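Data first, discussion second: the structure below is written as structure tokens.
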Amino acid sequence: MIQYILECIAFQLLFLVIYDFFLKKETFFQWNRLYLLGTFLLSLILPWVKIEAFKQQVPQTFANYPEYLWGLQNEAVVVQVQESASWNLTWQEGVFYGGMLVALVLFGLKIRQLYLLRKSGEKISYPLFTQIVIENSNIAFSFFKSIFIGDKVLKMKHDTIIAHELVHIKQRHTYDLLFFELMRIVGWFNPLVYVYQNRISELHEFIADAQVSKEHKTDHYEQLLAQVFQTEHISFINQFFTKSLIKKRIIMLQKSKSKKVWQLKYLLLVPMVLGMLFYTSCEMSPKSENDEFINGTSLSTSVDVPYAVVDEVPIFPGCEDADDKRACFNEKIQKHIGKHFNYPQKAQDANIEGRVSTMFTISSEGTIENIKMRGPDKLLEDEVERIIKRLPKMTPGKQSGKVVNVPFSIPVQFVLDNTTSSTLNEKTYMNENDVPFAVVDEVPIFPGCEDADNKRACFNEKMQQHIGKHFKYPKAAVDANIDGRVSTMFMINSEGTIENIKMRGPDKLLEDEVERIIKRLPKMTPGKQSGKAVNVPFSIPVNFKLQ
């Protein structure tokens, strides 16, 4: 939403620059009115428009998570519809809605001001308008089909003033001003809405002046405009006497009519709109920075260290003195989700439930970055994103004594049926004998890791060494210029053997090579959960890169 708002403001700024520098001084008043209304609406619509022919791949500045990290799921948090869900509101939302409320109140006060003027004035009905005479006043303005005029003005020659206000009524200028007034309520924070309203109000006066000057002597009309009168400061009425506009109106009355050839200036809109469409149609192309690439027999590692293997996990506030900071982190994150969870009402109404897998990075500064979701519906994904964004700043994780980025993933299960309630500490797996590598109590022991202090880290290190040792780029793939990533998943069963190898890659030649490497893995000591040997699924990507 923030990106949409910024794009709208940027587009409005460009449109206003074109107007002020190239169109404002021309006498094509009706064209300019159409330009201001049209470009404002365009600025609201263009950010949503995607033209297929303009689509380009633009690299993202953030890292894309490798597929295997999505497989390292921590224990699921099961969340349900609560009896009395509180209305969660961030401070940003509070400021936004608070500003709207203030703008709405101010609008209401202006309407009340008009109502009191109408109520106190003497009403005289005519075929085209209703004249409301205000006692002891010299105001003159129109609002819809009403012309408010002071009794002091009526004592003067006021035919030109009535004619002027009738132009506003016939051309429905009040609708233009009310439209921008409503935009001021919704976009109270956007200064360009006020600029647009000022420009359109100014233009309305030029239009009415030009129309009336055709029927009345210009000199007399200019003399009338040069007088200084009392005004009502209401932003959505067409006022005849406005001090700040009188000089501009006189200049415009004296200005020669613009040549038709200058209407070609409006063609400046074409390249500008095309450029905006080109920008909005660009797609972000993920640029992965944390993949492991295999070049010949060597492996390179990234600065992102998965939560499952990092030496020192990030410290959640409140876990500073915990003996097992990893377990404390998981407990705190589950409590955070449970505390801030609010099942979206629209999802309840549509009977939407299911699991949302979320992945985010706890950066080297301890902040939450690069939140990604995979779920059955955007409503559920948005709720999980809202919860994750409210995570507190943490003490960053460390690898070999240095602070690092730590990707962390956790599934959130949305459940509608109250009969399936679970506690936050319940572990949910595909079946009771399959426990993901990231959360199993005792990971499978790779031969050579029996005496290692951190068997999980040793397992990953040995796995990478095994792949690097046995890797061989297929000659047929080299000749065919085939490269890419092969995601592989396999099971280390309760007997320690490798089974159920699955691959997903760009070509069968690469998939076969990865399968050959995985099949050569040695027998291991099986993983254990609650003291019992279990099946442990494990996934890892292998990237083939041609030199």
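Order determines the names: the first chain of the structure tokens is A, the second B, and so forth; residues in each chain are numbered 1 upward, and ligands are numbered 1 upward as they are shown.
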
Surrounding residues of A:Arg199 excluding itself and chain neighbours under 5 positions, 10 Å, only C-alpha atoms, as an MDAnalysis selection string | chainID A and resid 16 19:20 24 32:33 36 193:194 204

For A:Leu166, list every protein, DNA or RNA residue within 10 Å, evaluated using only C-alpha atoms, and leave out those in the same chain fewer than 2 positions away; present the list as a ChimeraX atom specification.
-> /A:128-129,142,144-147,160-164,168-172,208,212

With C-alpha atoms kept, could you save the residues just selected as a CSV table (one decimal), in the first residue's frame?
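Contents of part12.csv, freshly written:
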```csv
chain,number,residue,atom,x,y,z
A,128,LEU,CA,-32.0,28.5,-13.0
A,129,PHE,CA,-30.9,29.1,-9.4
A,142,SER,CA,-22.1,29.7,-5.6
A,144,PHE,CA,-24.5,23.7,-6.5
A,145,LYS,CA,-27.6,25.7,-7.7
A,146,SER,CA,-27.5,28.3,-4.9
A,147,ILE,CA,-25.9,31.7,-5.2
A,160,THR,CA,-22.0,40.5,-14.0
A,161,ILE,CA,-21.6,38.8,-10.6
A,162,ILE,CA,-24.8,36.8,-11.0
A,163,ALA,CA,-23.8,35.9,-14.6
A,164,HIS,CA,-20.4,34.8,-13.4
A,168,HIS,CA,-20.2,27.9,-12.3
A,169,ILE,CA,-23.7,26.4,-11.8
A,170,LYS,CA,-24.2,25.5,-15.5
A,171,GLN,CA,-20.8,23.9,-15.8
A,172,ARG,CA,-21.2,22.1,-12.4
A,208,ALA,CA,-16.4,32.0,-15.8
A,212,VAL,CA,-19.0,36.6,-18.9
```

Pick out the residues sitting within 7 Å of A:Glu122, and hand them over as a list in words; count only C-alpha atoms, and ignore anything fewer than 6 positions along from it in its own chain.
-> Ile132, Val133 and Ile134 of chain A

Can you tell me how far atom CA of A:Lys346 sits from atom CA of A:Glu381, in Å to one decimal?
-> 12.8 Å

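Summary of the local environment: counting only C-alpha atoms, residues at most 7 Å from A:Leu177, other than itself and those fewer than 3 positions away along its chain, are His173, Thr174, Phe180, Glu181, Gln197 and Phe236 of chain A.
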
Figure out the distance between atom CA of A:Ala533 and atom CA of A:Thr497, please, to one decimal in Å.
->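 According to the coordinates, atom CA of A:Thr497 and atom CA of A:Ala533 are separated by 12.2 Å.
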
Neighbours of stretch 94-97 of chain A within 10 Å (only C-alpha atoms; same-chain residues fewer than 5 positions away dropped), as number ranges by chain?
-> A: 89, 102-103, 185-189

If you count only C-alpha atoms, which residues fall within 10 Å of A:Ile388, apart from same-chain ones fewer than 3 positions away, as a PDB file with N, CA, C and O atoms, in the first residue's frame?
```pdb
ATOM      1  N   ILE A 333       8.527 -17.071  20.035  1.00  0.00           N
ATOM      2  CA  ILE A 333       7.935 -16.732  18.736  1.00  0.00           C
ATOM      3  C   ILE A 333       6.517 -17.297  18.643  1.00  0.00           C
ATOM      4  O   ILE A 333       5.617 -16.702  18.070  1.00  0.00           O
ATOM      5  N   HIS A 336       4.311 -15.059  20.707  1.00  0.00           N
ATOM      6  CA  HIS A 336       4.075 -13.808  19.983  1.00  0.00           C
ATOM      7  C   HIS A 336       2.961 -13.982  18.960  1.00  0.00           C
ATOM      8  O   HIS A 336       2.060 -13.134  18.856  1.00  0.00           O
ATOM      9  N   ILE A 337       3.019 -15.074  18.209  1.00  0.00           N
ATOM     10  CA  ILE A 337       1.987 -15.325  17.193  1.00  0.00           C
ATOM     11  C   ILE A 337       0.624 -15.518  17.856  1.00  0.00           C
ATOM     12  O   ILE A 337      -0.391 -14.971  17.417  1.00  0.00           O
ATOM     13  N   HIS A 340      -0.785 -12.004  19.157  1.00  0.00           N
ATOM     14  CA  HIS A 340      -1.180 -10.990  18.179  1.00  0.00           C
ATOM     15  C   HIS A 340      -2.105 -11.513  17.083  1.00  0.00           C
ATOM     16  O   HIS A 340      -2.533 -10.741  16.232  1.00  0.00           O
ATOM     17  N   THR A 358       5.777 -19.160   6.523  1.00  0.00           N
ATOM     18  CA  THR A 358       6.396 -17.837   6.442  1.00  0.00           C
ATOM     19  C   THR A 358       7.900 -17.947   6.675  1.00  0.00           C
ATOM     20  O   THR A 358       8.359 -18.762   7.477  1.00  0.00           O
ATOM     21  N   MET A 359       8.643 -17.156   5.944  1.00  0.00           N
ATOM     22  CA  MET A 359      10.094 -17.116   6.051  1.00  0.00           C
ATOM     23  C   MET A 359      10.523 -15.662   6.175  1.00  0.00           C
ATOM     24  O   MET A 359      10.016 -14.803   5.457  1.00  0.00           O
ATOM     25  N   PHE A 360      11.402 -15.385   7.103  1.00  0.00           N
ATOM     26  CA  PHE A 360      11.914 -14.028   7.249  1.00  0.00           C
ATOM     27  C   PHE A 360      13.353 -14.097   7.730  1.00  0.00           C
ATOM     28  O   PHE A 360      13.826 -15.140   8.188  1.00  0.00           O
ATOM     29  N   ILE A 368      13.852  -7.401  11.620  1.00  0.00           N
ATOM     30  CA  ILE A 368      13.157  -8.366  10.759  1.00  0.00           C
ATOM     31  C   ILE A 368      13.096  -7.824   9.339  1.00  0.00           C
ATOM     32  O   ILE A 368      12.633  -6.708   9.107  1.00  0.00           O
ATOM     33  N   GLU A 369      13.543  -8.632   8.384  1.00  0.00           N
ATOM     34  CA  GLU A 369      13.581  -8.215   6.989  1.00  0.00           C
ATOM     35  C   GLU A 369      13.077  -9.325   6.069  1.00  0.00           C
ATOM     36  O   GLU A 369      13.001 -10.488   6.467  1.00  0.00           O
ATOM     37  N   ILE A 371      10.300 -10.523   4.535  1.00  0.00           N
ATOM     38  CA  ILE A 371       9.242 -11.455   4.936  1.00  0.00           C
ATOM     39  C   ILE A 371       8.597 -12.052   3.690  1.00  0.00           C
ATOM     40  O   ILE A 371       8.171 -11.328   2.801  1.00  0.00           O
ATOM     41  N   ASP A 382      -1.583 -12.134   4.528  1.00  0.00           N
ATOM     42  CA  ASP A 382      -1.488 -10.764   5.038  1.00  0.00           C
ATOM     43  C   ASP A 382      -1.534 -10.728   6.565  1.00  0.00           C
ATOM     44  O   ASP A 382      -0.850  -9.912   7.200  1.00  0.00           O
ATOM     45  N   GLU A 383      -2.347 -11.609   7.175  1.00  0.00           N
ATOM     46  CA  GLU A 383      -2.439 -11.646   8.630  1.00  0.00           C
ATOM     47  C   GLU A 383      -1.121 -12.113   9.243  1.00  0.00           C
ATOM     48  O   GLU A 383      -0.643 -11.551  10.237  1.00  0.00           O
ATOM     49  N   VAL A 384      -0.500 -13.128   8.630  1.00  0.00           N
ATOM     50  CA  VAL A 384       0.790 -13.618   9.129  1.00  0.00           C
ATOM     51  C   VAL A 384       1.861 -12.536   8.972  1.00  0.00           C
ATOM     52  O   VAL A 384       2.661 -12.305   9.881  1.00  0.00           O
ATOM     53  N   GLU A 385       1.845 -11.835   7.830  1.00  0.00           N
ATOM     54  CA  GLU A 385       2.823 -10.763   7.615  1.00  0.00           C
ATOM     55  C   GLU A 385       2.664  -9.667   8.671  1.00  0.00           C
ATOM     56  O   GLU A 385       3.651  -9.139   9.195  1.00  0.00           O
ATOM     57  N   LEU A 391       7.213  -8.266  15.361  1.00  0.00           N
ATOM     58  CA  LEU A 391       8.256  -8.883  16.170  1.00  0.00           C
ATOM     59  C   LEU A 391       9.231  -7.821  16.677  1.00  0.00           C
ATOM     60  O   LEU A 391       9.549  -6.874  15.960  1.00  0.00           O
ATOM     61  N   PRO A 392       9.715  -7.959  17.894  1.00  0.00           N
ATOM     62  CA  PRO A 392      10.636  -6.953  18.437  1.00  0.00           C
ATOM     63  C   PRO A 392      12.043  -7.095  17.849  1.00  0.00           C
ATOM     64  O   PRO A 392      12.375  -8.110  17.237  1.00  0.00           O
TER      65      PRO A 392
END
```

Have a look at A:Arg326, A:Ala452, A:Trp262, A:Ile5 and name the one nearest to A:Glu26; count only C-alpha atoms.
-> A:Trp262

Find the distance between atom CA of A:Ile111 and atom CA of A:Gly150 and write it in Å to one decimal.
->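 Rounded to one decimal, the two atoms are 18.9 Å apart.
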
Select from stretch 101-277 of chain A everything DSSP, run on the backbone, classes as helix (DSSP H, G or I), then give the selection as a VMD selection string.
-> chain A and resid 101 to 120 151 to 154 159 to 170 173 to 186 191 to 212 218 to 225 243 to 254 260 to 277

Have a look at A:Val435, A:Leu34, A:Pro506, A:Gly468 and name the one nearest to A:Ile518; count only C-alpha atoms.
->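 Among the listed residues, A:Gly468 lies closest to A:Ile518.
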